[in-house]
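Comments concern the structure below.
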Amino acid sequence: MRPLRPLALLAALAAASAQAEDASLLLWNGNPAGPHLDIIRDEPARELKPIRIVGTRNGRFSGKLVVCANGPLKNVAAKITELKSPDGKSIIPASCIQVRLATGWIKSGWNVQPKAGSTFDVLNEAPSLAEVAPIVATDRYHWEKYHTWVKTGRSYVPVWVTVAVPPDAVPGEYSGTLAVRAGEASRDVPVSLAVHAWALPDTKDYRTWIEAIQSPDTLALEYGVPLWSEKHWQLIEQSLRLAAQLGNRSVYFPLLCESNLGNAESAVRWIKRPDGGYTHDFSIVERYLDLQTRLQGKPRVVCFVVWDTFLEGGQFDGDIKFESKESREERLAYRGKGPEVTLLDPASGKTEKHLLPPHSDPAGAALWAPLLKSLPELLAKRGLADALFFGIANDSVPHAATLDLVNRNVPDAKWVIHAHSFYGGKDKKANFQYAAFVWGVRGFCSGEKGWENPFLLAQFLRNMRDHYPLTTYRLAPEVNITGGQRGVGRIGLDSWPVLKNVRGVRATRVTERYPKASWRNLNITDALLAPGPDGPLGTARFEMLREGVQECEARIFIQTALDRGKLPAALADECRAVLADRDAFLKKAAIVQGTGRPWFADATPTEEAYLGYVEGWQEHSARLYRTAEEVAGPYVR
C-alpha cells in the first residue's frame with residue numbers, strides 16, 4: 001500500500017479517532033524495521049492486533065506499538081506482564097523484557113527529523129514520559145521524497161517491547177499483556193512471542209564481525225565528568241555493556257594526544273624520572289581491558305594508536321587542497337614535530353600535554369622503546385597476546401621510521417588500517433592483519449562465506465549517518481558475510497555530536513574536533529547509541545543492527561551444517577531453498593554499496609520494494625530460525 005497524501009493522512013487519523021475506544025488515546029501496531037512508517041500511513045485506521053515478536057533462544061527480539069493522541073501526550077507509561085505458554089507451564093518472566101518509550105534525541109538543540117530514519121530513534125529506559133508535544137510529520141517514506149510536510153496536530157510515542165529469550169526457554173508460543181497509559185486513558189494490548197528451539201551462540205562467540213568503537217571523551221563531555229573519574233568509568237561501562245550485545249571484539253588505545261579518535265589525552269601516561277627518563281602509567285589501559293573482557297569476552301583486536309595523519313608520513317600525502325583551511329593551517333604548523341603524550345604528576349594527579357621528538361629522531365625512538373616493549377607482556381598476562389595490534393593507518397601509511405620503531409621493539413607487529421583500500425601498495429609497507437575498507441569489498445550475495453575469510457576484512461560504511469534507513473543497519477552485516485567480508489568495522493558506538501556551535505546546536509563529534517587529525521571523509525560519522533539523562537541509551541538503529549547480526553549467526557549455522565554434508569537430502573534441500581529465498585528477498589530490498597549509501601537492486605527504486613521488505617522481514621526471520629531449529633537436531637552433534 002502506498003503512503004497517504006497529506007489530506008488522506010488527516011482523514012485516516014480523523015476516522016481512527018472516531019472509531020477508537022477512547023478518542024483521547026489511539027493505538028496501532030508499529031513495525032520495528034520501518035519506524036518512519038508509523039505516522040505517515042493508515043495504521044491508525046487498522047484493527048489493533050497483538051504485538052507480534054518472533055525469535056529464538058539466547059537472542060533479543062523486538063515488537064512495537066504506537067501510542068497517539070490529539071494534542072500533547074501526558075504521563076505516558078507502559079508495563080508488561082510475564083509471558084506464558086498456552087498451558088501456563090512455561091514462563092518468560094517480566095525481568096527478561098524491556099519496555100522502552102521511543103522519542104527523538106532528548107538533549108536540547110538536536111532534532112532528528114523523520115527523513116529516511118526515525119523521528120523516534122532514542123529508546124528511553126525510564127518507565128514513563130511526562131509530556132510529548134505534537135510533531136510535524138511527512139507523507140512520504142522515501143529519503144528522496146521527504147519534502148512535503150503536514151501538521152497533524154497529534155503526538156506520538158512508539159513503545160518498544162524487547163524480549164531477551166533465555167537460552168533454555170521452552171520453544172513454542174507465549175503470550176502476555178502490555179498495559180499502556182496516557183493521562184487518564186489506559187488500554188491493555190496482547191503480546192505474542194514465538195520462540196524457536198535453536199539457541200544463538202553467546203555474543204562473545206559470534207562469527208559475524210561488528211566493530212563499534214567506544215568514545216570515552218564523548219561521555220566525559222556529554223555528562224560533564226572528569227576523564228577517568230569513577231562516574232566516567234560507570235558511563236563507559238554502560239556503553240560497553242550495550243556494545244557487548246553486538247559481539248563487539250575490538251578496542252583502541254591512543255598512545256598520543258588529539259588523534260582522529262577525538263581523545264584529548266593519551267591512554268598511557270608518562271611520568272618523569274629524576275634521572276631524566278620516563279616511566280609509564282598503564283592503569284587506564286589495564287582497567288579498560290579488564291572491564292571490556294568481563295563484559296564482552298576477550299577482544300580479538302587491541303590496537304595501540306602510535307601514529308596519525310598529522311605526523312611523519314601523513315602530513316602532506318595526497319592533495320592538500322582538499323583539506324579545510326583550519327586543517328591545512330594546523331598541519332603546516334605541526335610540520336616536523338613529534339607526537340604529544342599526556343604527562344602525569346603522581347604527587348598532584350595533574351596532567352598536561354608533553355611534546356616528544358619525532359619517531360625518526362633517535363632520541364624519540366629511544367623514549368618509546370620501553371613503552372612498546374611493555375605491551376606484549378601487558379596483554380599476555382590477560383591471555384591476549386595474539387590480540388596486539390598497532391595503528392591506525394588510513395589512506396596514508398605511517399612513516400618508515402614509525403614502522404621500524406614498532407617492529408624493533410615488537411617483532412612481527414600486526415597493524416590495523418581503516419582506509420579506502422590497499423591502493424598504492426600499502427599492503428607491502430606494513431604487516432596489516434585487520435582492514436576496514438570502503439572500496440575493494442565484495443557486493444551483496446557474491447556466494448563467498450565471509451566468516452571463513454582467513455584475513456580479518458570488514459566493510460567500513462564510510463557514509464553511514466544517524467538518519468539512514470533502518471534497513472541499512474539491519475542488512476549491512478548480511479550483505480558483508482555473503483560478500484566475502486567478516487562483517488562491518490569502524491562504526492561509532494557513542495560518538496554522537498557533543499560539541500555545540502555558537503547557536504547552542506550540536507554540531508561536532510569529538511572525532512572532528514582536532515582539524516590536524518581530520519581524515520576528511522574517513523572520519524567516524526555515526527553513533528549507534530544516544531545521550532540519555534543518566535548515560536548512553538540504545539536506539540532503533542542499534543536494535544536493527546543487533547537483530548541483523550543474530551540472523552547472520554543463524555545463516556552461518558545453517559550453511560555450516562550444509563557444508564558438512566551430513567543433513568538428510570530433504571532437509572538439505574530445504575536449507576538451500578531458505579538461503580536462496582532469503583537472497584532473492586534481500587535483493588529486492590535496500591542493500592549497501594561500498595560507500596555505505598543505501599540503494600535498491602531495482603533499476604528504479606520503488607515504494608513497493610521498500611514496503612515489501614519492511615512488511616515481510618518478520619516472516620523471513622521466522623523461517624530462518626525455524627530451519628536452524630530443524631538443523632539443530634542430531635545432524636550437528
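Each chain of the C-alpha cells is named A, B, ... in the order shown, its residues numbered from 1; ligands are numbered from 1 in display order.
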Check the DSSP output for the backbone and give back, as a ChimeraX atom specification, the residues of region 320-517 of chain A in strand (DSSP E).
/A:340-344,351-355,388-393,415-419,432-437,456-460,487-492,499-500,506-508
Restrict the calculation to only C-alpha atoms, then for each residue of region 430-530 of chain A with any atom at most 10 Å from an atom of region 187-209 of chain A give the closest atom pair and their distance in Å to one decimal, rows by chain and rising residue number, as a Markdown table.
| residue | atom | partner | partner_atom | distance |
| --- | --- | --- | --- | --- |
| A:Gly450 | CA | A:Thr208 | CA | 8.5 |
| A:Trp451 | CA | A:Arg207 | CA | 6.1 |
| A:Glu452 | CA | A:Arg207 | CA | 8.9 |
| A:Leu456 | CA | A:Trp209 | CA | 8.7 |
| A:Leu457 | CA | A:Trp209 | CA | 8.9 |
| A:Ala458 | CA | A:Trp209 | CA | 7.3 |
| A:Gln459 | CA | A:Trp209 | CA | 9.8 |
| A:Pro477 | CA | A:Thr208 | CA | 7.3 |
| A:Glu478 | CA | A:Thr208 | CA | 8.7 |
| A:Asn480 | CA | A:Thr208 | CA | 9.1 |
| A:Ile481 | CA | A:Thr208 | CA | 7.2 |
| A:Gln485 | CA | A:Trp209 | CA | 8.6 |
| A:Arg486 | CA | A:Trp209 | CA | 5.3 |
| A:Gly487 | CA | A:Trp209 | CA | 4.4 |
| A:Val488 | CA | A:Trp209 | CA | 6.0 |
| A:Gly489 | CA | A:Trp209 | CA | 7.4 |
With C-alpha atoms retained, could you export that selection as a PDB file, in the first residue's frame?
ATOM      1  CA  GLY A 450      32.960 -14.042   4.677  1.00  0.00           C
ATOM      2  CA  TRP A 451      33.130 -15.643   8.106  1.00  0.00           C
ATOM      3  CA  GLU A 452      35.684 -18.094   6.680  1.00  0.00           C
ATOM      4  CA  LEU A 456      40.188 -10.045   9.014  1.00  0.00           C
ATOM      5  CA  LEU A 457      38.484  -7.820   6.436  1.00  0.00           C
ATOM      6  CA  ALA A 458      35.452  -5.660   7.216  1.00  0.00           C
ATOM      7  CA  GLN A 459      33.484  -3.072   5.313  1.00  0.00           C
ATOM      8  CA  PRO A 477      26.056  -7.479   8.363  1.00  0.00           C
ATOM      9  CA  GLU A 478      24.420  -9.995   5.998  1.00  0.00           C
ATOM     10  CA  ASN A 480      29.053  -8.466   4.087  1.00  0.00           C
ATOM     11  CA  ILE A 481      29.185 -12.052   5.296  1.00  0.00           C
ATOM     12  CA  GLN A 485      33.941  -9.819   4.398  1.00  0.00           C
ATOM     13  CA  ARG A 486      33.822 -10.867   8.032  1.00  0.00           C
ATOM     14  CA  GLY A 487      31.365  -8.063   8.772  1.00  0.00           C
ATOM     15  CA  VAL A 488      31.377  -4.316   9.433  1.00  0.00           C
ATOM     16  CA  GLY A 489      34.091  -2.151  11.016  1.00  0.00           C
TER      17      GLY A 489
END
Write out as a ChimeraX atom specification all residues of region 413-588 of chain A that backbone DSSP assigns to helix (DSSP H, G or I).
/A:426-428,450-452,470-481,510-512,515-517,520-522,540-564,569-587
Using Å and a single decimal, report how far CA of Pro531 (chain A) sits from CA of Gln550 (chain A).
25.2 Å
Contacts of region 66-82 of chain A at 7 Å (only C-alpha atoms; same-chain gap of 6+ positions) as a PyMOL selection string
chain A and resi 24-30+91-94+99+127-134+153-159+176-183
Please measure the separation of CA of Leu227 (chain A) and CA of Gly349 (chain A), giving the value in Å to one decimal.
12.1 Å
Which residue, A:Leu344, A:Met544, A:Ala401, A:Val302, has the smallest gap to Trp415 (chain A) when you use only C-alpha atoms?
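Answer, going by the shortest atom-to-atom distance: A:Val302.
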Nearest to Gly172 (chain A) among A:Leu256, A:Ala476, A:Val54, A:Leu123, with distances taken over only C-alpha atoms: which residue is it?
A:Val54
Residue contacts of Pro536 (chain A) (9 Å, only C-alpha atoms) excluding same-chain residues fewer than 6 positions away, as a ChimeraX atom specification
/A:219,235-236,238-239,242,494,529-530
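The residue set within 12 Å of Arg382 (chain A), counting only C-alpha atoms and dropping same-chain residues fewer than 6 places from it, reads Val285, Glu286, Arg287, Leu289, Asp290, Leu291, Gln292, Thr293, Arg294, Gly297, Lys298, Pro299, Val302, Leu375, Pro376 and Leu388 of chain A.
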Grab the residues selected above and save them as a JSON list (two decimals), in the first residue's frame with C-alpha atoms.
[["chain", "number", "residue", "atom", "x", "y", "z"],
["A", 285, "VAL", "CA", 44.60, 0.52, 29.75],
["A", 286, "GLU", "CA", 44.55, -2.24, 32.35],
["A", 287, "ARG", "CA", 41.21, -1.21, 33.88],
["A", 289, "LEU", "CA", 40.79, -4.14, 29.26],
["A", 290, "ASP", "CA", 39.57, -5.85, 32.41],
["A", 291, "LEU", "CA", 36.17, -4.16, 32.08],
["A", 292, "GLN", "CA", 35.81, -4.95, 28.39],
["A", 293, "THR", "CA", 36.87, -8.57, 28.89],
["A", 294, "ARG", "CA", 34.37, -9.02, 31.71],
["A", 297, "GLY", "CA", 34.79, -11.59, 26.39],
["A", 298, "LYS", "CA", 38.37, -11.43, 25.18],
["A", 299, "PRO", "CA", 38.83, -8.87, 22.38],
["A", 302, "VAL", "CA", 43.58, -4.50, 20.89],
["A", 375, "LEU", "CA", 52.79, -4.02, 25.65],
["A", 376, "PRO", "CA", 53.20, -7.72, 24.71],
["A", 388, "LEU", "CA", 48.09, -6.99, 19.97]]
Which region 478-564 of chain A residues have any atom within 12 Å of an atom of region 257-266 of chain A, and for each, what is the nearest pair of atoms with distance in Å to one decimal, counting only C-alpha atoms, rows sorted by chain and number, as CSV?
residue,atom,partner,partner_atom,distance
A:Arg490,CA,A:Leu261,CA,10.7
A:Ile491,CA,A:Leu261,CA,11.8
A:Gly492,CA,A:Leu261,CA,9.9
A:Leu493,CA,A:Leu261,CA,11.9
A:Asp494,CA,A:Leu261,CA,11.7
A:Ser495,CA,A:Gly262,CA,9.1
A:Trp496,CA,A:Gly262,CA,11.7
A:Pro497,CA,A:Gly262,CA,11.6
A:Val498,CA,A:Gly262,CA,11.4
A:Leu499,CA,A:Gly262,CA,11.5
A:Thr508,CA,A:Gly262,CA,10.8
A:Arg509,CA,A:Gly262,CA,8.0
A:Val510,CA,A:Gly262,CA,4.5
A:Thr511,CA,A:Gly262,CA,4.3
A:Glu512,CA,A:Gly262,CA,6.8
A:Arg513,CA,A:Gly262,CA,6.5
A:Tyr514,CA,A:Glu258,CA,6.4
A:Pro515,CA,A:Asn260,CA,8.9
A:Lys516,CA,A:Ser259,CA,8.6
A:Ala517,CA,A:Asn260,CA,4.9
A:Ser518,CA,A:Asn260,CA,6.1
A:Trp519,CA,A:Asn260,CA,7.1
A:Arg520,CA,A:Asn260,CA,10.1
A:Asn521,CA,A:Asn260,CA,12.0
A:Leu522,CA,A:Asn260,CA,9.7
A:Asn523,CA,A:Asn260,CA,7.5
A:Ile524,CA,A:Leu261,CA,8.2
A:Thr525,CA,A:Leu261,CA,11.3
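Across the model, the gap from CA of Ala632 (chain A) to CA of Lys566 (chain A) is 12.1 Å.
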From the list A:Tyr278, A:Lys350, A:Ser215, A:Arg582, which residue is nearest Ala527 (chain A) when using only C-alpha atoms?
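Looking only at the distances to Ala527 (chain A), the closest residue turns out to be A:Ser215.
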Find the spatial neighbours of Thr162 (chain A), counting only C-alpha atoms, within a cut-off of 8 Å - ignore same-chain residues fewer than 6 positions away - and output them as a list in words.
Arg60, Phe61, Ser62, Gly63, Ile97, Gln98 and Val99 of chain A
Nearest to Asn394 (chain A): which of A:Glu230, A:Glu326, A:Asp308, A:Asp345 is it, counting only C-alpha atoms?
A:Asp308
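If only C-alpha atoms are the atoms counted, then among A:Lys429, A:His280, A:Arg546, A:Arg269 the closest residue to Glu352 (chain A) is A:Arg269.
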Near region 364-370 of chain A, counting only C-alpha atoms, which residues have an atom at most 9 Å away, once you skip same-chain residues fewer than 2 positions from it, shown as a PyMOL selection string?
chain A and resi 277-280+338+356-362+372-374+401-402+405-406+408-409
Out of A:Phe389, A:Tyr223, A:Tyr174, A:Tyr252, which residue has the shortest atom-to-atom distance to Val410 (chain A) when counting only C-alpha atoms?
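For Val410 (chain A), the nearest of the candidates is A:Phe389.
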